[in-house]
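Student: Input file: model_39.txt. Contents: compact mmCIF, C-alpha atoms (C1' of nucleotides).
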```txt
# COMPACT_ATOMS: atom_id res chain seq x y z
CA MET N 285 -6.72 216.89 68.46
CA LYS N 286 -4.15 216.54 71.16
CA VAL N 287 -3.54 215.16 74.60
CA SER N 288 -3.39 217.94 77.18
CA ALA N 289 -0.70 218.39 79.80
CA GLN N 290 -3.15 217.49 82.52
CA GLU N 291 -4.01 214.21 80.84
CA GLU N 292 -0.41 213.30 80.24
CA TYR N 293 0.98 214.13 83.67
CA GLY N 294 -2.09 212.90 85.50
CA LEU N 295 -1.86 209.53 83.82
CA ARG N 296 1.84 209.34 84.57
CA CYS N 297 1.28 210.01 88.27
CA LEU N 298 -1.34 207.32 88.33
CA LEU N 299 1.01 204.93 86.64
CA GLN N 300 3.58 205.46 89.38
CA LEU N 301 1.01 204.32 91.90
CA ALA N 302 0.02 201.40 89.70
CA SER N 303 3.56 200.07 89.76
CA LEU N 304 3.59 199.70 93.53
CA ALA N 305 3.17 196.49 95.46
CA ASP N 306 0.15 196.03 97.71
CA GLU N 307 0.17 198.09 100.88
CA GLU N 308 2.84 200.37 99.47
CA SER N 309 2.16 204.02 98.89
CA LEU N 310 3.97 207.08 97.58
CA THR N 311 4.20 210.51 99.08
CA LEU N 312 3.58 213.63 97.06
CA ALA N 313 7.27 214.44 97.01
CA GLN N 314 8.11 210.98 95.75
CA VAL N 315 5.64 211.08 92.89
CA ALA N 316 6.84 214.53 91.88
CA GLU N 317 10.44 213.48 91.95
CA ARG N 318 9.86 210.31 89.95
CA GLU N 319 7.98 212.14 87.22
CA GLY N 320 10.22 215.18 87.10
CA ILE N 321 7.44 217.63 87.86
CA SER N 322 7.04 220.05 90.71
CA GLN N 323 5.48 218.99 93.95
CA ALA N 324 2.81 221.66 93.61
CA ASN N 325 1.80 220.34 90.24
CA ALA N 326 1.73 216.72 91.33
CA GLY N 327 -0.37 217.75 94.31
CA LYS N 328 -2.98 219.32 92.11
CA LEU N 329 -3.17 216.33 89.78
CA LEU N 330 -3.40 213.80 92.59
CA TRP N 331 -6.07 215.89 94.18
CA ILE N 332 -8.15 215.71 91.00
CA LEU N 333 -7.65 211.96 90.85
CA ASN N 334 -8.49 211.68 94.53
CA LYS N 335 -11.67 213.71 94.18
CA ALA N 336 -12.72 211.44 91.33
CA GLY N 337 -12.17 208.35 93.45
CA LEU N 338 -9.26 206.91 91.49
CA VAL N 339 -6.72 207.28 94.29
CA THR N 340 -6.97 207.37 98.06
CA SER N 341 -4.80 209.47 100.31
CA THR N 342 -3.85 209.29 103.92
CA ARG N 343 -2.51 212.24 105.85
CA GLY N 344 0.04 212.42 108.55
CA THR N 345 3.53 211.16 109.05
CA LYS N 346 3.09 207.83 107.32
CA GLY N 347 0.74 209.19 104.72
CA GLY N 348 0.77 209.05 100.95
CA TYR N 349 -1.22 208.09 97.89
CA ARG N 350 -2.24 204.75 96.47
CA LEU N 351 -4.70 203.45 93.92
CA ALA N 352 -8.26 203.15 95.13
CA ARG N 353 -8.72 200.00 93.03
CA PRO N 354 -6.39 197.36 91.59
CA ALA N 355 -4.67 198.56 88.42
CA THR N 356 -6.31 195.75 86.48
CA GLN N 357 -9.68 197.33 87.14
CA VAL N 358 -8.94 200.87 86.05
CA ARG N 359 -9.67 201.61 82.40
CA LEU N 360 -7.89 204.42 80.61
CA SER N 361 -11.16 205.79 79.29
CA GLU N 362 -12.18 206.56 82.85
CA VAL N 363 -8.86 208.16 83.71
CA ILE N 364 -8.92 210.44 80.69
CA LYS N 365 -12.49 211.46 81.31
CA VAL N 366 -11.60 212.51 84.84
CA LEU N 367 -8.54 214.50 83.82
CA ASP N 368 -10.39 216.19 81.04
CA GLU N 369 -13.81 216.82 82.45
CA ASP N 370 -16.35 216.64 79.71
CA VAL N 371 -14.72 218.32 76.78
CA LEU N 372 -17.33 216.88 74.48
CA ALA N 373 -20.26 218.30 76.41
CA SER N 374 -18.86 221.80 76.15
CA HIS N 375 -17.62 221.62 72.58
CA CYS N 376 -20.48 223.32 70.82
CA LYS N 377 -20.89 225.86 73.59
CA SER N 378 -17.26 226.89 73.26
CA TYR N 379 -16.91 227.36 69.54
CA THR N 380 -19.53 229.95 68.79
CA GLY N 381 -17.27 232.54 67.19
CA VAL N 382 -18.29 236.06 68.06
CA LEU N 383 -21.92 235.09 68.49
CA ASP N 384 -23.88 233.82 71.46
CA SER N 385 -24.52 230.45 69.93
CA CYS N 386 -23.12 228.50 67.04
CA VAL N 387 -24.43 229.50 63.62
CA HIS N 388 -25.00 225.83 62.84
CA ASN N 389 -27.23 225.32 65.81
CA GLY N 390 -29.36 222.27 65.27
CA ASN N 391 -27.89 221.42 61.90
CA CYS N 392 -24.18 220.88 61.76
CA GLY N 393 -22.30 218.54 59.49
CA ILE N 394 -19.27 218.58 61.73
CA ARG N 395 -20.99 217.54 64.90
CA PRO N 396 -21.34 213.87 63.98
CA VAL N 397 -17.62 213.82 63.28
CA ILE N 398 -16.68 215.32 66.61
CA VAL N 399 -19.01 213.03 68.50
CA GLY N 400 -17.78 210.05 66.53
CA LEU N 401 -14.16 210.91 67.12
CA HIS N 402 -14.63 211.02 70.84
CA GLU N 403 -16.34 207.65 70.67
CA VAL N 404 -13.51 206.15 68.68
CA VAL N 405 -11.04 207.41 71.25
CA GLU N 406 -13.09 206.27 74.21
CA GLN N 407 -13.60 202.89 72.65
CA ALA N 408 -9.88 202.43 72.15
CA LEU N 409 -9.08 203.58 75.68
CA SER N 410 -11.71 201.43 77.31
CA ASN N 411 -9.85 198.33 76.22
CA ILE N 412 -6.71 199.33 78.08
CA THR N 413 -6.18 199.10 81.82
CA LEU N 414 -3.56 200.77 83.96
CA ALA N 415 -1.99 197.41 84.68
CA GLN N 416 -1.23 196.95 81.00
CA LEU N 417 0.89 200.09 80.95
CA VAL N 418 3.23 199.09 83.71
CA GLY N 419 6.56 197.87 82.42
CA THR N 420 8.94 198.63 79.60
CA GLU N 421 7.85 200.41 76.47
CA SER N 422 8.42 197.43 74.21
CA LYS N 423 6.47 195.14 76.51
CA VAL N 424 3.58 197.59 76.60
CA LYS N 425 3.60 197.88 72.85
CA THR N 426 3.37 194.13 72.46
CA THR N 427 0.54 193.92 74.96
CA LEU N 428 -1.47 196.62 73.24
CA TYR N 429 -0.99 194.96 69.89
CA ASN N 430 -2.19 191.65 71.23
CA ILE N 431 -5.41 193.06 72.63
CA HIS N 432 -6.03 194.95 69.40
CA ALA N 433 -7.06 198.05 71.26
CA LEU N 434 -4.78 200.12 69.08
CA PRO N 435 -3.36 199.53 65.63
CA ARG N 436 0.10 198.08 65.33
CA THR N 437 2.86 200.66 65.16
CA THR N 438 6.32 200.27 63.74
CA THR N 439 9.10 200.17 66.27
CA GLN N 440 10.71 203.56 66.11
CA GLY N 441 11.06 206.81 68.00
CA ARG N 442 12.35 207.35 71.44
CA ARG N 443 11.24 208.41 74.83
CA ALA N 444 8.09 208.77 76.39
CA MET U 272 -8.09 214.93 74.13
CA LYS U 273 -9.94 217.67 72.45
CA VAL U 274 -10.48 219.40 69.16
CA SER U 275 -8.85 222.83 69.13
CA ALA U 276 -10.51 226.05 68.03
CA GLN U 277 -8.29 226.21 65.00
CA GLU U 278 -9.32 222.75 63.89
CA GLU U 279 -13.00 223.42 64.41
CA TYR U 280 -13.18 226.82 62.72
CA GLY U 281 -10.73 225.90 59.99
CA LEU U 282 -12.75 222.87 59.04
CA ARG U 283 -15.92 224.92 59.06
CA CYS U 284 -14.46 227.52 56.71
CA LEU U 285 -13.36 224.77 54.40
CA LEU U 286 -16.82 223.28 54.47
CA GLN U 287 -18.31 226.55 53.32
CA LEU U 288 -16.12 226.38 50.25
CA ALA U 289 -16.97 222.74 49.72
CA SER U 290 -20.64 223.57 49.47
CA LEU U 291 -20.15 225.87 46.49
CA ALA U 292 -20.90 225.02 42.87
CA ASP U 293 -18.05 224.86 40.36
CA GLU U 294 -16.55 228.21 39.43
CA GLU U 295 -18.10 229.85 42.47
CA SER U 296 -15.98 231.36 45.18
CA LEU U 297 -16.40 233.13 48.49
CA THR U 298 -14.78 236.29 49.70
CA LEU U 299 -13.19 236.53 53.11
CA ALA U 300 -16.03 238.66 54.39
CA GLN U 301 -18.59 236.13 53.19
CA VAL U 302 -16.89 233.19 54.88
CA ALA U 303 -16.55 235.14 58.11
CA GLU U 304 -20.16 236.18 58.06
CA ARG U 305 -21.47 232.70 57.30
CA GLU U 306 -19.48 231.15 60.14
CA GLY U 307 -20.09 233.89 62.67
CA ILE U 308 -16.42 234.61 63.21
CA SER U 309 -14.43 237.78 62.68
CA GLN U 310 -12.96 238.56 59.31
CA ALA U 311 -9.49 238.72 60.82
CA ASN U 312 -9.85 235.25 62.21
CA ALA U 313 -11.25 233.76 59.02
CA GLY U 314 -8.38 235.38 57.14
CA LYS U 315 -5.81 233.70 59.32
CA LEU U 316 -7.42 230.29 58.97
CA LEU U 317 -7.83 230.54 55.23
CA TRP U 318 -4.27 231.65 54.94
CA ILE U 319 -3.14 228.48 56.72
CA LEU U 320 -5.31 226.37 54.44
CA ASN U 321 -4.01 228.25 51.43
CA LYS U 322 -0.40 227.79 52.44
CA ALA U 323 -1.03 224.07 52.78
CA GLY U 324 -2.50 223.88 49.30
CA LEU U 325 -6.05 223.03 50.34
CA VAL U 326 -7.61 226.23 49.02
CA THR U 327 -6.66 228.66 46.29
CA SER U 328 -7.22 232.37 46.43
CA THR U 329 -7.48 235.05 43.78
CA ARG U 330 -6.99 238.70 44.52
CA GLY U 331 -8.63 241.73 43.11
CA THR U 332 -12.16 242.91 42.68
CA LYS U 333 -13.62 239.55 41.70
CA GLY U 334 -11.37 237.62 44.05
CA GLY U 335 -12.13 235.08 46.73
CA TYR U 336 -11.37 231.58 47.97
CA ARG U 337 -12.25 228.19 46.59
CA LEU U 338 -11.14 224.61 47.12
CA ALA U 339 -7.94 223.62 45.39
CA ARG U 340 -9.36 220.15 44.74
CA PRO U 341 -12.85 218.67 44.46
CA ALA U 342 -14.39 218.08 47.88
CA THR U 343 -14.58 214.36 47.12
CA GLN U 344 -10.80 214.25 47.06
CA VAL U 345 -10.06 215.97 50.34
CA ARG U 346 -9.76 213.68 53.34
CA LEU U 347 -10.37 214.96 56.83
CA SER U 348 -7.15 213.45 58.08
CA GLU U 349 -5.25 215.81 55.83
CA VAL U 350 -7.28 218.83 56.90
CA ILE U 351 -6.76 218.16 60.58
CA LYS U 352 -3.07 217.58 60.13
CA VAL U 353 -2.71 220.95 58.44
CA LEU U 354 -4.70 222.83 61.07
CA ASP U 355 -2.82 221.17 63.85
CA GLU U 356 0.71 220.93 62.60
CA ASP U 357 2.29 217.84 63.96
CA VAL U 358 1.13 217.65 67.50
CA LEU U 359 2.35 214.11 67.73
CA ALA U 360 5.89 214.94 66.75
CA SER U 361 6.18 217.47 69.54
CA HIS U 362 4.33 215.55 72.22
CA CYS U 363 7.28 214.11 74.11
CA LYS U 364 9.30 217.28 73.70
CA SER U 365 6.52 219.31 75.30
CA TYR U 366 5.77 217.29 78.37
CA THR U 367 9.07 217.17 80.14
CA GLY U 368 7.96 218.66 83.43
CA VAL U 369 10.61 220.88 84.96
CA LEU U 370 13.41 218.94 83.30
CA ASP U 371 15.11 219.26 79.93
CA SER U 372 13.87 215.95 78.68
CA CYS U 373 11.20 213.53 79.75
CA VAL U 374 12.18 211.26 82.65
CA HIS U 375 10.88 208.29 80.68
CA ASN U 376 13.15 208.94 77.76
CA GLY U 377 13.56 205.78 75.79
CA ASN U 378 11.27 203.71 77.96
CA CYS U 379 7.76 205.03 78.39
CA GLY U 380 4.64 202.96 78.84
CA ILE U 381 2.43 205.82 77.79
CA ARG U 382 4.07 206.53 74.49
CA PRO U 383 2.56 203.57 72.66
CA VAL U 384 -0.85 204.73 73.84
CA ILE U 385 -0.37 208.27 72.57
CA VAL U 386 0.98 207.10 69.25
CA GLY U 387 -1.79 204.57 68.93
CA LEU U 388 -4.48 207.09 69.75
CA HIS U 389 -3.34 209.42 67.05
CA GLU U 390 -3.37 206.55 64.61
CA VAL U 391 -6.88 205.58 65.58
CA VAL U 392 -8.02 209.14 65.04
CA GLU U 393 -6.19 209.51 61.75
CA GLN U 394 -7.55 206.22 60.54
CA ALA U 395 -11.10 207.29 61.28
CA LEU U 396 -10.63 210.67 59.64
CA SER U 397 -8.98 209.27 56.53
CA ASN U 398 -12.22 207.53 55.63
CA ILE U 399 -14.16 210.77 55.52
CA THR U 400 -14.03 213.34 52.74
CA LEU U 401 -15.18 216.95 52.80
CA ALA U 402 -17.93 216.12 50.33
CA GLN U 403 -19.46 213.75 52.85
CA LEU U 404 -19.91 216.54 55.37
CA VAL U 405 -21.91 218.82 53.14
CA GLY U 406 -25.60 218.72 53.89
CA THR U 407 -27.86 218.39 56.88
CA GLU U 408 -26.68 216.89 60.12
CA SER U 409 -28.94 213.86 59.88
CA LYS U 410 -27.86 213.14 56.33
CA VAL U 411 -24.21 213.38 57.33
CA LYS U 412 -24.78 211.07 60.25
CA THR U 413 -26.34 208.48 58.01
CA THR U 414 -23.51 208.74 55.52
CA LEU U 415 -20.85 208.29 58.18
CA TYR U 416 -22.62 205.30 59.57
CA ASN U 417 -22.82 203.68 56.16
CA ILE U 418 -19.13 204.01 55.49
CA HIS U 419 -18.34 202.71 58.97
CA ALA U 420 -15.72 205.38 59.48
CA LEU U 421 -17.14 206.14 62.88
CA PRO U 422 -19.27 204.10 65.25
CA ARG U 423 -23.00 204.60 65.14
CA THR U 424 -24.30 207.25 67.49
CA THR U 425 -27.73 207.57 68.92
CA THR U 426 -29.78 210.44 67.58
CA GLN U 427 -29.67 213.05 70.27
CA GLY U 428 -28.17 216.37 71.18
CA ARG U 429 -28.33 219.59 69.31
CA ARG U 430 -26.21 221.75 67.16
CA ALA U 431 -22.67 221.94 66.65
C1' DC Y 262 0.92 217.62 124.51
C1' DG Y 263 3.55 219.28 120.78
C1' DC Y 264 6.36 218.86 116.84
C1' DA Y 265 7.14 217.11 112.31
C1' DA Y 266 5.45 215.04 108.26
C1' DT Y 267 1.87 215.03 104.92
C1' DC Y 268 -2.20 216.05 102.42
C1' DT Y 269 -5.83 220.06 101.17
C1' DT Y 270 -7.39 224.13 99.15
C1' DG Y 271 -7.94 228.52 97.17
C1' DA Y 272 -5.59 232.49 95.28
C1' DC Y 273 -1.98 234.03 92.44
C1' DT Y 274 1.51 234.02 88.52
C1' DT Y 275 3.15 232.57 84.32
C1' DA Y 276 3.00 230.60 79.66
C1' DA Y 277 0.55 229.31 75.51
C1' DA Y 278 -3.27 229.52 72.47
C1' DA Y 279 -6.65 232.29 70.33
C1' DG Y 280 -8.13 236.24 68.34
C1' DT Y 281 -7.52 241.28 66.68
C1' DA Y 282 -5.64 245.22 64.24
C1' DA Y 283 -3.44 247.53 60.73
C1' DG Y 284 -0.48 248.40 57.02
C1' DG Y 285 1.17 246.16 52.72
C1' DT Y 286 0.59 244.03 48.11
C1' DA Y 287 -1.73 242.27 44.19
C1' DT Y 288 -5.68 242.31 40.77
C1' DT Y 289 -9.70 243.82 38.32
C1' DC Y 290 -12.71 247.10 36.25
C1' DC Y 291 -13.67 251.40 34.29
C1' DG R 37 -3.71 254.52 34.74
C1' DG R 38 -6.22 255.11 38.84
C1' DA R 39 -9.29 253.66 42.28
C1' DA R 40 -11.70 250.12 44.52
C1' DT R 41 -11.63 245.48 46.07
C1' DA R 42 -9.58 241.74 48.32
C1' DC R 43 -5.89 238.90 49.88
C1' DC R 44 -1.20 238.78 52.73
C1' DT R 45 1.59 239.34 56.72
C1' DT R 46 3.43 240.75 61.04
C1' DA R 47 2.83 242.51 65.48
C1' DC R 48 -0.13 243.15 69.33
C1' DT R 49 -3.99 242.13 72.80
C1' DT R 50 -6.95 239.13 75.03
C1' DT R 51 -8.27 234.84 76.88
C1' DT R 52 -7.56 230.39 78.70
C1' DA R 53 -4.81 226.63 80.35
C1' DA R 54 -0.94 225.43 83.15
C1' DG R 55 1.69 225.74 86.98
C1' DT R 56 3.10 227.84 91.61
C1' DC R 57 2.66 229.48 96.32
C1' DA R 58 1.40 229.67 100.89
C1' DA R 59 -1.61 229.04 104.66
C1' DG R 60 -4.65 225.47 106.71
C1' DA R 61 -5.87 220.84 108.36
C1' DT R 62 -4.90 216.03 109.72
C1' DT R 63 -2.22 212.26 111.48
C1' DG R 64 1.59 209.77 113.86
C1' DC R 65 5.22 209.65 117.19
C1' DG R 66 7.85 210.63 121.20
```
Represent the supplied structure as structure tokens.

Tutor:
Amino acid sequence: MKVSAQEEYGLRCLLQLASLADEESLTLAQVAEREGISQANAGKLLWILNKAGLVTSTRGTKGGYRLARPATQVRLSEVIKVLDEDVLASHCKSYTGVLDSCVHNGNCGIRPVIVGLHEVVEQALSNITLAQLVGTESKVKTTLYNIHALPRTTTQGRRA
Amino acid sequence: MKVSAQEEYGLRCLLQLASLADEESLTLAQVAEREGISQANAGKLLWILNKAGLVTSTRGTKGGYRLARPATQVRLSEVIKVLDEDVLASHCKSYTGVLDSCVHNGNCGIRPVIVGLHEVVEQALSNITLAQLVGTESKVKTTLYNIHALPRTTTQGRRA
DNA sequence: CGCAATCTTGACTTAAAAGTAAGGTATTCC
DNA sequence: GGAATACCTTACTTTTAAGTCAAGATTGCG
């Protein structure tokens, strides 16, 4: 169970846009530079987010990207779903071993766990908005603790 | 956020062993056949589980695999951790873009979310034992609902 | 108009995960 | 003690996800 590169970097790009003032926007090169990823990669991620309606883009000399909605109205559950496109739906189709369909078809003890896990995760993420992730790490941690979206964590570890 | 092949198949192999009576055991070929995966693959997974102390193996003509502990005493959180080896610990080291370390080093708004997510998942999984996953899908679903480890899910969908 | 800045899009390359193969080692039964 | 059975381990191949590249399209400015 892990967070994919696309989820991580995609969310980070979005967060850059969330930290802007109204009417501001960032160019592809700026987002890439601020996140330490290549321009090509940032372009792909922002395109996915654009296609999904989370960001808007304008072309031309004064172009750039910005959030399609205020950061207070974008839930993390939606962001992750977009960057991840329906992992749950394809789960049982993917893990069929060497056969055409899963041997447990129609009667699988694991399935309720997988489904439940995704619901637990979505539930937790739906209580967090982009706006709540803008700021310092310690501030964010306090905010998340106060809304009880995630369990309290001890203050340790570094980075990002 | 998805469940990897190794987690899925590894758990399924373990579940086969959990469904055995005392003193029974399964050979590699039997596990592979029952799960519809190749013998080579099952061997690798069982080796990981063996190394981690979750299953024991005996060689020779009457050999095979069995659980190292009763299924009632094996929590899913432990199983997943073994099959997944410390994704969390390596998260920030992995996603550094084109740089040597993450640009948010020491101050990352996303980190609390990632840490929290893994805790939410672990928390949910720690309330489930292998024994509770043996049986039909509908029975398992009922059991999970009763222990409130996972949120209730509507009865729909097939397989897994 | 025409050039420069910027996003768009599909094909290609690279890196990581998953799965396979094969030879080695230990154990049991006769 | 020998042969058959079955696990152990490393190296290799395949598949999939991640990331890059380059040509195309759109807009603003002089």

Student: Given a cut-off of 8 Å, which residues of chain U touch chain Y, counting all atoms listed in the file, written out as number ranges by chain?

Tutor: U: 276, 311-312, 330-333

Student: If we draw a sphere of 10 Å around (-7.1, 210.0, 67.3), which residues have at least one atom in it when counting only C-alpha atoms (C1' of nucleotides)? Please report them as a PyMOL selection string.

Tutor: (chain N and resi 285-287+401-402+404-406+408) or (chain U and resi 272-273+348+385-396)

Student: Would you list the contacts of N:Lys423 as a PyMOL selection string, taking every protein, DNA or RNA residue within 12 Å and counting all atoms listed in the file, but skipping same-chain residues closer than 5 positions in sequence?

Tutor: (chain N and resi 415-418+428-430+439) or (chain U and resi 378-383)

Student: Generate the output file for the selected residues, C-alpha atoms, as a short mmCIF file (atom, residue, chain, number, x, y, z; two decimals), keeping the file's coordinate frame.

Tutor:
```
data_model
loop_
_atom_site.label_atom_id
_atom_site.label_comp_id
_atom_site.auth_asym_id
_atom_site.auth_seq_id
_atom_site.Cartn_x
_atom_site.Cartn_y
_atom_site.Cartn_z
CA ALA N 415 -1.99 197.41 84.68
CA GLN N 416 -1.23 196.95 81.00
CA LEU N 417 0.89 200.09 80.95
CA VAL N 418 3.23 199.09 83.71
CA LEU N 428 -1.47 196.62 73.24
CA TYR N 429 -0.99 194.96 69.89
CA ASN N 430 -2.19 191.65 71.23
CA THR N 439 9.10 200.17 66.27
CA ASN U 378 11.27 203.71 77.96
CA CYS U 379 7.76 205.03 78.39
CA GLY U 380 4.64 202.96 78.84
CA ILE U 381 2.43 205.82 77.79
CA ARG U 382 4.07 206.53 74.49
CA PRO U 383 2.56 203.57 72.66
#
```

Student: Taking into account only C-alpha atoms (C1' of nucleotides), which residue in the set U:Arg305, U:Asn321, U:Arg283, U:Ala292 is nearest to chain R?

Tutor: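 Smallest distance to chain R is found for U:Asn321.
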
Student: Enumerate as a CSV table (one decimal) with C-alpha atoms, in the coordinates of the input the residues belonging to chain U that approach chain R to within 12 Å, with all atoms listed in the file taken into account.

Tutor:
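Done, and the output landed in iface-v7.csv:
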```csv
chain,number,residue,atom,x,y,z
U,276,ALA,CA,-10.5,226.0,68.0
U,297,LEU,CA,-16.4,233.1,48.5
U,298,THR,CA,-14.8,236.3,49.7
U,299,LEU,CA,-13.2,236.5,53.1
U,300,ALA,CA,-16.0,238.7,54.4
U,301,GLN,CA,-18.6,236.1,53.2
U,310,GLN,CA,-13.0,238.6,59.3
U,311,ALA,CA,-9.5,238.7,60.8
U,313,ALA,CA,-11.2,233.8,59.0
U,314,GLY,CA,-8.4,235.4,57.1
U,315,LYS,CA,-5.8,233.7,59.3
U,317,LEU,CA,-7.8,230.5,55.2
U,318,TRP,CA,-4.3,231.6,54.9
U,319,ILE,CA,-3.1,228.5,56.7
U,321,ASN,CA,-4.0,228.2,51.4
U,322,LYS,CA,-0.4,227.8,52.4
U,327,THR,CA,-6.7,228.7,46.3
U,328,SER,CA,-7.2,232.4,46.4
U,329,THR,CA,-7.5,235.0,43.8
U,330,ARG,CA,-7.0,238.7,44.5
U,331,GLY,CA,-8.6,241.7,43.1
U,332,THR,CA,-12.2,242.9,42.7
U,333,LYS,CA,-13.6,239.6,41.7
U,334,GLY,CA,-11.4,237.6,44.0
U,335,GLY,CA,-12.1,235.1,46.7
U,336,TYR,CA,-11.4,231.6,48.0
U,366,TYR,CA,5.8,217.3,78.4
U,368,GLY,CA,8.0,218.7,83.4
U,369,VAL,CA,10.6,220.9,85.0
```
